[in-house]
Amino acid sequence: MKKMLFLSLFALAAITACKKDSLGTKPVITFKSYSYAPVDASLGLDVTFQVKDGDGDIENALQFTAIYDRNPTDTNFSGRPMPGLDASKRPNLSAEVVLHLGTIDFPNDPDNPVAKDSVHFLVYVVDNANNISDTIATPKVEILYPGS
């Protein structure tokens, strides 16, 4: 009897441990890399993320805001398209997404120019079923402004 109970508990533990991880319906986003650091504002920047979704219905836009050290309370989120990432309609979508930021995305006030600043980004994604990923924060990176 004791052997049967022990074997049953062992089998249950083995089955539970071997169960595949499921992403579920909530998208997941993680930061991968910056194209370079420090950032030269005159060249722009690419920020690479990994997005995953259990039901594969991510498309549309990556929502982000840039938090600059000189103005840390400005948190206006805006969307950027995720090109080539049409809803796959297949489970367990995993894709690399690049947020391209041009020179216009690094504002520098001509009346009060700064030589350098730092920025980090808050980012999230929404899938077609309106499931929202957690908001992640990227590491802080220095920005160098030309001619300042």
# chains A, B, ... in the order shown; residues from 1 in each chain; ligands from 1

$ residues_around --residues "A:Arg70" --least-positions-apart "4" --cutoff "10 Å" --atoms "only C-alpha atoms" --output "ChimeraX atom specification"
/A:74,114,116-119

$ closest_atom_pairs --of "stretch 88-132 of chain A" --to "stretch 75-80 of chain A" --cutoff "12 Å" --atoms "only C-alpha atoms" --output "tab-separated table"
residue	atom	partner	partner_atom	distance
A:Val97	CA	A:Arg80	CA	10.7
A:Val98	CA	A:Arg80	CA	9.9
A:Leu99	CA	A:Arg80	CA	7.4
A:His100	CA	A:Arg80	CA	8.8
A:Leu101	CA	A:Arg80	CA	9.8
A:Asp105	CA	A:Ser78	CA	11.5
A:Val119	CA	A:Thr75	CA	12.0
A:His120	CA	A:Thr75	CA	11.2
A:Phe121	CA	A:Thr75	CA	9.6
A:Leu122	CA	A:Phe77	CA	8.4
A:Val123	CA	A:Phe77	CA	8.5
A:Tyr124	CA	A:Phe77	CA	9.6
A:Val125	CA	A:Gly79	CA	9.2
A:Val126	CA	A:Gly79	CA	10.4

$ write_last_selection --atoms "C-alpha atoms" --output "tab-separated table (two decimals), in the first residue's frame"
chain	number	residue	atom	x	y	z
A	97	VAL	CA	10.65	43.68	-32.97
A	98	VAL	CA	12.82	46.74	-33.61
A	99	LEU	CA	11.72	50.21	-32.52
A	100	HIS	CA	13.49	52.63	-34.84
A	101	LEU	CA	13.99	56.12	-33.44
A	105	ASP	CA	12.71	61.46	-31.69
A	119	VAL	CA	16.83	58.18	-21.55
A	120	HIS	CA	15.04	54.94	-20.83
A	121	PHE	CA	11.82	53.67	-22.36
A	122	LEU	CA	8.59	52.28	-20.96
A	123	VAL	CA	7.06	49.83	-23.44
A	124	TYR	CA	4.04	47.53	-23.74
A	125	VAL	CA	2.06	45.74	-26.47
A	126	VAL	CA	-1.65	45.06	-26.94

$ closest_residue --among "A:Ala137, A:Val39, A:Gln63, A:Leu93" --to "A:Pro81" --atoms "only C-alpha atoms"
A:Gln63

$ atom_distance --atom1 "atom CA of A:Ala37" --atom2 "atom CA of A:Glu142"
6.8 Å

$ closest_residue --among "A:Thr135, A:Val47, A:Tyr34, A:Pro146" --to "A:Pro107" --atoms "only C-alpha atoms"
A:Pro146

$ atom_distance --atom1 "atom CA of A:Pro38" --atom2 "atom CA of A:Gln50"
21.7 Å

$ select_by_dssp --residues "stretch 35-114 of chain A" --states "strand (DSSP E)" --output "ChimeraX atom specification"
/A:39-40,45-53,61-68,78-81,93-101

$ closest_residue --among "A:Pro139, A:Pro91, A:Pro27, A:Gly147" --to "A:Ile58" --atoms "only C-alpha atoms"
A:Pro27

$ closest_residue --among "A:Ala41, A:Ile29, A:Ala129, A:Ile67" --to "A:Tyr145" --atoms "only C-alpha atoms"
A:Ala41

$ closest_residue --among "A:Gly44, A:Phe49, A:Ser35, A:Glu59" --to "A:Asn130" --atoms "only C-alpha atoms"
A:Glu59

$ residues_around --residues "A:Val51" --least-positions-apart "4" --cutoff "7 Å" --atoms "only C-alpha atoms" --output "list in words"
Val28, Ile29, Thr30, Ser94, Ala95, Glu96 and Val97 of chain A

$ closest_residue --among "A:Asn92, A:Thr65, A:Asn71, A:Thr25" --to "A:Thr138" --atoms "only C-alpha atoms"
A:Thr65

$ atom_distance --atom1 "atom CA of A:Ser42" --atom2 "atom CA of A:Leu144"
8.5 Å
